[in-house]
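One file, work_7.txt, is given below (compact mmCIF, C-alpha atoms).
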# COMPACT_ATOMS: atom_id res chain seq x y z
CA MET A 1 238.14 95.65 93.27
CA VAL A 2 235.69 95.37 96.13
CA THR A 3 232.51 93.44 95.32
CA MET A 4 229.40 94.69 97.10
CA PRO A 5 227.03 92.03 98.46
CA PHE A 6 223.85 91.39 96.36
CA THR A 7 221.04 92.31 98.76
CA PHE A 8 217.27 91.61 98.62
CA ARG A 9 216.71 95.29 97.76
CA ASP A 10 218.94 94.93 94.70
CA ALA A 11 216.99 91.87 93.58
CA CYS A 12 213.68 93.77 93.80
CA ILE A 13 215.04 96.70 91.79
CA LYS A 14 216.36 94.35 89.10
CA PHE A 15 212.99 92.56 88.92
CA VAL A 16 211.14 95.85 88.42
CA LEU A 17 213.55 96.92 85.65
CA VAL A 18 213.12 93.60 83.85
CA CYS A 19 209.31 93.94 84.04
CA PHE A 20 209.46 97.44 82.55
CA ALA A 21 211.62 96.11 79.74
CA LEU A 22 209.23 93.24 79.00
CA MET A 23 206.00 95.27 79.11
CA PRO A 24 205.99 96.27 75.40
CA MET A 25 206.63 92.68 74.38
CA LEU A 26 203.83 91.38 76.64
CA ALA A 27 201.43 94.01 75.33
CA LEU A 28 202.22 93.04 71.75
CA ALA A 29 201.69 89.38 72.53
CA GLN A 30 198.31 90.11 74.17
CA THR A 31 197.26 92.20 71.16
CA LYS A 32 198.09 89.31 68.83
CA LYS A 33 196.21 86.93 71.13
CA ASN A 34 193.10 89.15 71.12
CA ALA A 35 193.24 89.47 67.35
CA LEU A 36 193.55 85.70 66.97
CA HIS A 37 190.63 85.14 69.38
CA LYS A 38 188.51 87.61 67.42
CA ALA A 39 189.41 85.95 64.12
CA ASN A 40 188.56 82.50 65.43
CA HIS A 41 185.12 83.69 66.61
CA LYS A 42 184.30 85.74 63.56
CA PRO A 43 181.38 84.27 61.53
CA LEU A 44 182.52 82.37 58.49
CA LYS A 45 182.13 84.14 55.18
CA PRO A 46 179.17 83.01 53.06
CA VAL A 47 179.70 80.96 49.91
CA ASN A 48 177.77 81.95 46.78
CA ILE A 49 176.67 79.02 44.61
CA ASP A 50 174.23 79.58 41.72
CA GLN A 51 173.09 82.90 43.26
CA TYR A 52 172.23 81.20 46.54
CA ILE A 53 174.04 81.98 49.80
CA TYR A 54 175.34 79.06 51.83
CA MET A 55 176.99 79.09 55.24
CA VAL A 56 179.22 76.38 56.64
CA PRO A 57 177.45 74.99 59.74
CA THR A 58 179.25 75.01 63.09
CA LEU A 59 179.26 71.90 65.28
CA VAL A 60 177.07 72.54 68.33
CA THR A 61 177.55 70.09 71.21
CA SER A 62 175.31 71.79 73.78
CA PHE A 63 172.50 74.33 74.00
CA GLY A 64 171.86 77.22 76.37
CA ARG A 65 172.03 76.28 80.06
CA VAL A 66 169.68 77.36 82.81
CA GLY A 67 171.30 80.16 84.81
CA GLN A 68 173.01 81.87 81.89
CA SER A 69 172.10 85.52 81.54
CA LEU A 70 172.01 88.44 79.13
CA PRO A 71 172.19 92.18 79.82
CA ASP A 72 169.14 94.40 79.67
CA PRO A 73 167.75 95.40 77.17
CA PHE A 74 167.00 92.00 75.67
CA VAL A 75 168.45 91.51 72.16
CA PRO A 76 166.96 88.54 70.23
CA ALA A 77 170.12 88.01 68.13
CA LYS A 78 172.28 87.76 71.28
CA ALA A 79 169.78 85.37 72.86
CA LEU A 80 169.91 83.16 69.77
CA GLN A 81 173.72 83.00 69.98
CA GLN A 82 173.53 82.07 73.65
CA LEU A 83 170.91 79.36 73.19
CA ILE A 84 172.42 77.83 70.05
CA PRO A 85 176.13 78.79 69.72
CA GLY A 86 176.43 78.08 66.01
CA ASN A 87 177.76 80.09 63.09
CA CYS A 88 175.87 83.35 63.55
CA ALA A 89 175.32 85.72 60.64
CA HIS A 90 173.45 88.95 59.89
CA PHE A 91 172.16 89.09 56.32
CA PRO A 92 170.38 91.81 54.35
CA ASN A 93 167.20 90.47 52.83
CA LYS A 94 167.72 92.19 49.47
CA GLU A 95 165.09 90.06 47.78
CA TYR A 96 162.37 92.03 49.58
CA ASP A 97 163.76 95.15 51.21
CA GLU A 98 167.27 96.57 51.54
CA ALA A 99 166.49 97.63 55.13
CA ASP A 100 165.19 94.20 56.11
CA LYS A 101 167.77 92.09 57.97
CA MET A 102 167.91 88.44 59.00
CA ASP A 103 169.75 87.09 62.04
CA LEU A 104 170.59 83.47 61.34
CA ASP A 105 172.36 80.71 63.24
CA ILE A 106 173.78 77.88 61.12
CA TRP A 107 174.74 74.73 63.01
CA ILE A 108 174.91 70.92 62.94
CA ASN A 109 174.76 68.11 65.49
CA ASN A 110 174.65 64.45 64.46
CA SER A 111 175.34 62.94 67.89
CA MET A 112 172.27 63.95 69.92
CA PRO A 113 169.10 61.78 69.78
CA ARG A 114 166.74 62.90 67.02
CA LYS A 115 163.07 63.73 67.51
CA THR A 116 160.47 63.04 64.84
CA PHE A 117 157.61 65.53 64.50
CA LEU A 118 154.45 65.26 62.42
CA ASP A 119 153.09 68.13 60.37
CA GLY A 120 149.47 69.27 60.24
CA TRP A 121 148.65 66.55 57.71
CA GLY A 122 149.83 63.73 59.99
CA GLN A 123 152.97 63.09 57.97
CA VAL A 124 156.60 63.30 59.12
CA GLY A 125 157.39 67.01 58.96
CA ALA A 126 160.78 67.16 60.66
CA VAL A 127 163.49 65.00 62.18
CA PHE A 128 165.31 67.29 64.61
CA PRO A 129 168.16 68.10 64.53
CA TYR A 130 168.34 67.98 60.74
CA LYS A 131 171.11 65.76 59.44
CA ASP A 132 172.51 68.07 56.75
CA GLY A 133 172.45 71.23 58.84
CA ASN A 134 170.11 73.52 60.74
CA VAL A 135 169.22 77.17 60.19
CA SER A 136 167.74 78.85 63.28
CA GLU A 137 166.42 82.41 63.55
CA PRO A 138 164.61 84.51 66.15
CA LYS A 139 160.83 84.54 65.78
CA ASP A 140 158.72 86.18 68.51
CA THR A 141 159.63 87.87 71.79
CA LEU A 142 156.70 87.96 74.23
CA VAL A 143 157.34 90.33 77.16
CA PHE A 144 154.99 90.18 80.16
CA THR A 145 154.85 90.90 83.89
CA ASP A 146 153.54 88.05 86.03
CA ASP A 147 151.29 88.31 89.08
CA SER A 148 154.34 88.53 91.36
CA GLY A 149 155.66 91.63 89.57
CA PHE A 150 158.53 89.89 87.77
CA LYS A 151 159.23 90.77 84.14
CA ASN A 152 159.47 87.73 81.86
CA ILE A 153 160.10 86.87 78.22
CA TYR A 154 159.00 83.90 76.15
CA PHE A 155 161.42 83.80 73.22
CA ALA A 156 160.59 81.72 70.14
CA ILE A 157 163.11 80.26 67.69
CA SER A 158 162.26 78.68 64.34
CA THR A 159 164.60 76.09 62.81
CA HIS A 160 164.56 74.54 59.36
CA ASP A 161 166.89 72.27 57.46
CA GLY A 162 169.66 73.13 55.01
CA CYS A 163 172.25 75.88 54.98
CA CYS A 164 170.88 78.07 52.19
CA THR A 165 170.12 81.43 53.80
CA ASN A 166 168.25 83.20 51.01
CA CYS A 167 166.10 80.35 49.70
CA MET A 168 163.03 78.65 51.11
CA PHE A 169 161.93 75.05 50.74
CA CYS A 170 158.45 75.83 49.48
CA GLY A 171 155.22 73.89 49.88
CA HIS A 172 152.08 73.88 51.98
CA GLU A 173 153.30 70.72 53.72
CA VAL A 174 156.71 72.14 54.73
CA CYS A 175 156.60 73.06 58.42
CA VAL A 176 159.29 74.51 60.68
CA THR A 177 160.54 73.41 64.12
CA LEU A 178 159.59 75.59 67.10
CA GLY A 179 161.94 76.19 70.06
CA LEU A 180 160.99 78.12 73.21
CA ALA A 181 163.06 79.82 75.92
CA TRP A 182 161.94 81.48 79.15
CA TYR A 183 163.92 84.43 80.55
CA ARG A 184 163.23 86.39 83.76
CA LEU A 185 164.65 89.82 84.61
CA GLU A 186 166.67 89.57 87.85
CA ARG A 187 168.96 92.33 89.12
CA GLY A 188 169.12 93.98 85.74
CA ARG A 189 169.91 90.83 83.74
CA TRP A 190 167.75 88.39 81.77
CA VAL A 191 168.32 84.97 83.37
CA LEU A 192 167.54 81.83 81.38
CA LYS A 193 165.06 79.67 83.30
CA SER A 194 164.09 77.07 80.72
CA PHE A 195 164.83 76.16 77.10
CA ASN A 196 163.56 73.51 74.71
CA PRO A 197 165.02 73.76 71.19
CA ALA A 198 162.35 71.58 69.57
CA LEU A 199 158.70 71.31 70.63
CA GLY A 200 157.12 70.42 67.31
CA CYS A 201 156.82 71.24 63.62
CA TYR A 202 154.22 73.85 62.68
CA GLY A 203 153.20 76.26 59.92
CA GLN A 204 153.51 76.13 56.15
CA PHE A 205 156.05 77.13 53.51
CA GLN A 206 158.81 76.84 56.12
CA HIS A 207 157.31 79.78 58.02
CA MET A 208 156.46 79.78 61.73
CA PRO A 209 153.05 81.27 62.67
CA ASP A 210 152.93 84.12 65.17
CA LEU A 211 153.16 83.20 68.86
CA HIS A 212 150.56 84.64 71.26
CA LEU A 213 150.52 85.03 75.05
CA VAL A 214 147.71 83.56 77.18
CA LYS A 215 147.06 83.53 80.92
CA LEU A 216 146.30 79.93 81.85
CA GLY A 217 145.56 80.48 85.53
CA LYS A 218 146.71 82.09 88.74
CA ASN A 219 150.23 83.48 88.12
CA ASN A 220 150.61 81.05 85.23
CA TYR A 221 151.24 82.21 81.68
CA GLY A 222 151.53 80.17 78.52
CA CYS A 223 151.71 80.82 74.79
CA TYR A 224 149.98 79.44 71.72
CA LEU A 225 150.06 79.21 67.94
CA HIS A 226 146.91 79.84 65.92
CA TYR A 227 147.01 79.41 62.16
CA LEU A 228 145.29 78.00 59.09
CA TYR A 229 146.81 75.62 56.58
CA GLY A 230 145.64 73.99 53.38
CA GLY A 231 146.39 73.40 49.74
CA SER A 232 146.14 75.79 46.83
CA GLY A 233 142.56 77.06 46.68
CA GLY A 234 141.54 75.29 49.93
CA LEU A 235 140.24 73.59 51.86
CA TYR A 236 141.83 75.23 54.91
CA PHE A 237 142.02 73.82 58.41
CA GLY A 238 142.63 75.60 61.68
CA ASP A 239 145.08 74.66 64.43
CA ILE A 240 145.43 76.01 67.96
CA ILE A 241 148.53 74.71 69.79
CA VAL A 242 149.05 75.73 73.46
CA PHE A 243 152.33 75.49 75.38
CA ALA A 244 152.84 75.86 79.13
CA LEU A 245 155.54 75.55 81.77
CA VAL A 246 155.05 72.30 83.68
CA ASN A 247 157.69 71.87 86.40
CA ASN A 248 159.63 74.70 84.70
CA GLN A 249 159.74 72.78 81.41
CA PHE A 250 157.88 73.77 78.25
CA ARG A 251 155.19 71.25 77.39
CA LEU A 252 152.51 70.99 74.72
CA VAL A 253 149.33 71.01 76.81
CA LEU A 254 146.56 71.53 74.22
CA LYS A 255 146.37 70.58 70.57
CA LYS A 256 143.14 71.44 68.80
CA ARG A 257 143.69 70.15 65.29
CA LYS A 258 141.80 70.45 62.03
CA GLU A 259 138.01 70.20 61.71
CA GLU A 260 137.11 67.54 59.15
CA ARG A 261 135.15 68.54 56.02
CA GLU A 262 133.14 66.12 53.91
CA ASP A 263 130.68 66.85 51.06
CA ILE A 264 129.71 70.21 52.49
CA VAL A 265 130.98 73.75 52.33
CA SER A 266 131.77 74.82 55.89
CA PHE A 267 133.62 78.04 56.49
CA ALA A 268 135.00 78.95 59.92
CA GLU A 269 135.16 82.73 59.83
CA ASP A 270 136.53 83.09 63.34
CA GLU A 271 138.37 80.68 65.64
CA SER A 272 139.66 81.89 69.00
CA LEU A 273 141.15 80.66 72.27
CA GLU A 274 139.35 81.87 75.41
CA ASN A 275 140.66 81.67 78.96
CA SER A 276 138.88 81.94 82.32
CA ARG A 277 138.11 85.51 83.39
CA ASN A 278 138.64 84.81 87.10
CA PRO A 279 141.12 81.94 87.35
CA GLY A 280 141.47 80.59 90.86
CA GLU A 281 143.71 77.66 90.00
CA LYS A 282 147.03 77.40 88.23
CA PHE A 283 145.55 75.67 85.17
CA ALA A 284 142.03 77.02 84.74
CA PRO A 285 139.68 75.66 82.04
CA LEU A 286 140.21 76.84 78.45
CA SER A 287 137.73 77.15 75.60
CA VAL A 288 138.02 77.19 71.83
CA ARG A 289 135.21 79.06 70.08
CA ILE A 290 134.54 78.46 66.37
CA LYS A 291 132.16 80.69 64.42
CA GLY A 292 131.24 80.32 60.79
CA SER A 293 128.71 79.47 58.12
CA PHE A 294 127.45 76.26 56.59
CA GLU A 295 126.13 75.91 53.06
CA LYS A 296 124.84 72.82 51.32
CA PHE A 297 123.63 72.62 47.73
CA HIS A 298 120.72 70.47 46.55
CA GLU A 299 120.59 69.86 42.80
CA PRO A 300 117.96 67.43 41.49
CA PRO A 301 119.18 64.97 38.84
CA LYS A 302 118.75 66.00 35.20
CA PRO A 303 116.85 63.89 32.70
CA ALA A 304 119.02 61.87 30.33
CA ASN A 305 118.16 63.98 27.27
CA ALA A 306 118.12 67.34 29.04
CA PRO A 307 120.20 70.11 27.40
CA ASP A 308 123.50 71.07 29.03
CA GLN A 309 122.50 74.28 30.73
CA ALA A 310 122.28 75.77 34.17
CA ASN A 311 119.76 74.10 36.43
CA SER A 312 117.39 76.67 37.85
CA ASN A 313 116.08 74.20 40.43
CA VAL A 314 119.28 74.26 42.51
CA LYS A 315 118.56 75.02 46.16
CA MET A 316 120.95 75.95 48.93
CA ASP A 317 120.63 75.54 52.68
CA THR A 318 122.47 78.16 54.70
CA CYS A 319 122.96 78.55 58.44
CA ARG A 320 125.31 80.10 60.97
CA PHE A 321 127.05 78.07 63.67
CA ASN A 322 128.80 78.82 66.96
CA ILE A 323 130.73 75.95 68.54
CA LEU A 324 132.34 76.12 71.98
CA HIS A 325 134.79 73.37 73.00
CA THR A 326 135.76 73.33 76.71
CA TYR A 327 139.02 71.80 77.98
CA LYS A 328 140.19 70.96 81.51
CA PHE A 329 143.70 70.23 82.75
CA ASN A 330 144.28 66.67 84.02
CA GLY A 331 147.73 67.25 85.51
CA ARG A 332 149.61 66.66 82.24
CA LYS A 333 147.58 68.31 79.50
CA TYR A 334 144.21 69.77 78.59
CA VAL A 335 141.50 67.29 77.57
CA LYS A 336 138.09 68.04 76.09
CA ALA A 337 135.41 68.26 78.79
CA GLY A 338 132.44 69.18 76.62
CA SER A 339 131.08 71.01 73.59
CA LYS A 340 128.15 73.31 72.88
CA VAL A 341 126.72 73.95 69.41
CA ASN A 342 124.44 76.82 68.50
CA ILE A 343 122.93 76.91 64.99
CA LYS A 344 120.90 79.78 63.53
Show me, as structure tokens, the structure contained in the file I just sent.
Amino acid sequence: MVTMPFTFRDACIKFVLVCFALMPMLALAQTKKNALHKANHKPLKPVNIDQYIYMVPTLVTSFGRVGQSLPDPFVPAKALQQLIPGNCAHFPNKEYDEADKMDLDIWINNSMPRKTFLDGWGQVGAVFPYKDGNVSEPKDTLVFTDDSGFKNIYFAISTHDGCCTNCMFCGHEVCVTLGLAWYRLERGRWVLKSFNPALGCYGQFQHMPDLHLVKLGKNNYGCYLHYLYGGSGGLYFGDIIVFALVNNQFRLVLKKRKEEREDIVSFAEDESLENSRNPGEKFAPLSVRIKGSFEKFHEPPKPANAPDQANSNVKMDTCRFNILHTYKFNGRKYVKAGSKVNIK
């Protein structure tokens, strides 16, 4: 028998035949790999304990990085997963409305340095990140176009402690941690420019107040919280908290805290933040205007043997007030520059 020499052409043909034979096996292996990858990244199933829903927190070692991007249109739930890659879940809020949904991110990190934040009462409101677990959810998405024509988003995240997704740690002293991210639309994608997961603890009943947009100066936009807090039946105090980008980092630049009440009845009917109409500088002056009424009762003392009945000699002083606080930026934050009071 004559043996033909094994040429390079024969080797190529044999290689192609072997590849064709292995293709079904490779495809099956890739399918199993994809299924395994999907299973490993599927949110963990909730655990029901005493009618409450708990989620096992995922260890988060890092937060969203500058330069990461998301496709347009912007989806808050996807942004939350990018910024805090924890155990993401989508829950129906059956307690209120079948159609109402909650996007939650359950995570834990006990290695990063913790920050302590005070609440509106001057007490420790939060130690972030929370030791026993964190529950983060999207809050507000502020879309705006800056003076250069770029489309931007300030995205707010609220984070509270615990892993119970359908219960709330109640109380007028229970605040929630605010996180802020800045995205800019570039070439059809939302690019992350800055992110701070914890700027402070605000609000009541573990609920974050609404975030508002404000133009601070020439091509400079910030955001602020404006809310009232107090105990059952009052008294209520007003807070205005302003955040801005300083060197591309979110900073608290103005904190107008509660107005003190003493033995008087003082009601602030309207409290508002006012910016400069024609800002020529990056951080133009800001003003906080407070309008309301003031009432003080005068009741003369009763004689020792007087009957227990209503005193018809009670008098009341009433007036209206308009207070304007002005703030100027000193390079780091806004400081009070003056006040005007108008009483009628």
| task | Could you tell me how far atom CA of A:Ala89 lies from atom CA of A:Asp105, in Å and to one decimal? | result | 6.4 Å
| message | Between atom CA of A:Asp161 and atom CA of A:Gly222, what is the distance in Å, rounded to a tenth? | response |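 Distance between the two atoms: 27.2 Å.
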| query | Please, what distance in Å, to one decimal, runs between atom CA of A:Thr177 and atom CA of A:Thr159? | reply |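 It comes out at 5.0 Å.
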| Looking at all atoms listed in the file, which of A:Val75, A:Val124, A:Leu216, A:Val56 is the one that sits closest to A:Ser287? | A:Leu216
| field | Nearby residues (all atoms listed in the file) at most 10 Å from stretch 181-189 of chain A, same-chain spacing under 6 positions excluded, as a ChimeraX atom specification | value | /A:64,66-74,79-80,83,141-145,150-157,195-197,245,248-250
Quick one: write out the picked residues with C-alpha atoms as a compact mmCIF listing (two decimals), keeping the file's coordinate frame?
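In the end it all went to selection16.txt:
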# COMPACT_ATOMS: atom_id res chain seq x y z
CA GLY A 64 171.86 77.22 76.37
CA VAL A 66 169.68 77.36 82.81
CA GLY A 67 171.30 80.16 84.81
CA GLN A 68 173.01 81.87 81.89
CA SER A 69 172.10 85.52 81.54
CA LEU A 70 172.01 88.44 79.13
CA PRO A 71 172.19 92.18 79.82
CA ASP A 72 169.14 94.40 79.67
CA PRO A 73 167.75 95.40 77.17
CA PHE A 74 167.00 92.00 75.67
CA ALA A 79 169.78 85.37 72.86
CA LEU A 80 169.91 83.16 69.77
CA LEU A 83 170.91 79.36 73.19
CA THR A 141 159.63 87.87 71.79
CA LEU A 142 156.70 87.96 74.23
CA VAL A 143 157.34 90.33 77.16
CA PHE A 144 154.99 90.18 80.16
CA THR A 145 154.85 90.90 83.89
CA PHE A 150 158.53 89.89 87.77
CA LYS A 151 159.23 90.77 84.14
CA ASN A 152 159.47 87.73 81.86
CA ILE A 153 160.10 86.87 78.22
CA TYR A 154 159.00 83.90 76.15
CA PHE A 155 161.42 83.80 73.22
CA ALA A 156 160.59 81.72 70.14
CA ILE A 157 163.11 80.26 67.69
CA PHE A 195 164.83 76.16 77.10
CA ASN A 196 163.56 73.51 74.71
CA PRO A 197 165.02 73.76 71.19
CA LEU A 245 155.54 75.55 81.77
CA ASN A 248 159.63 74.70 84.70
CA GLN A 249 159.74 72.78 81.41
CA PHE A 250 157.88 73.77 78.25
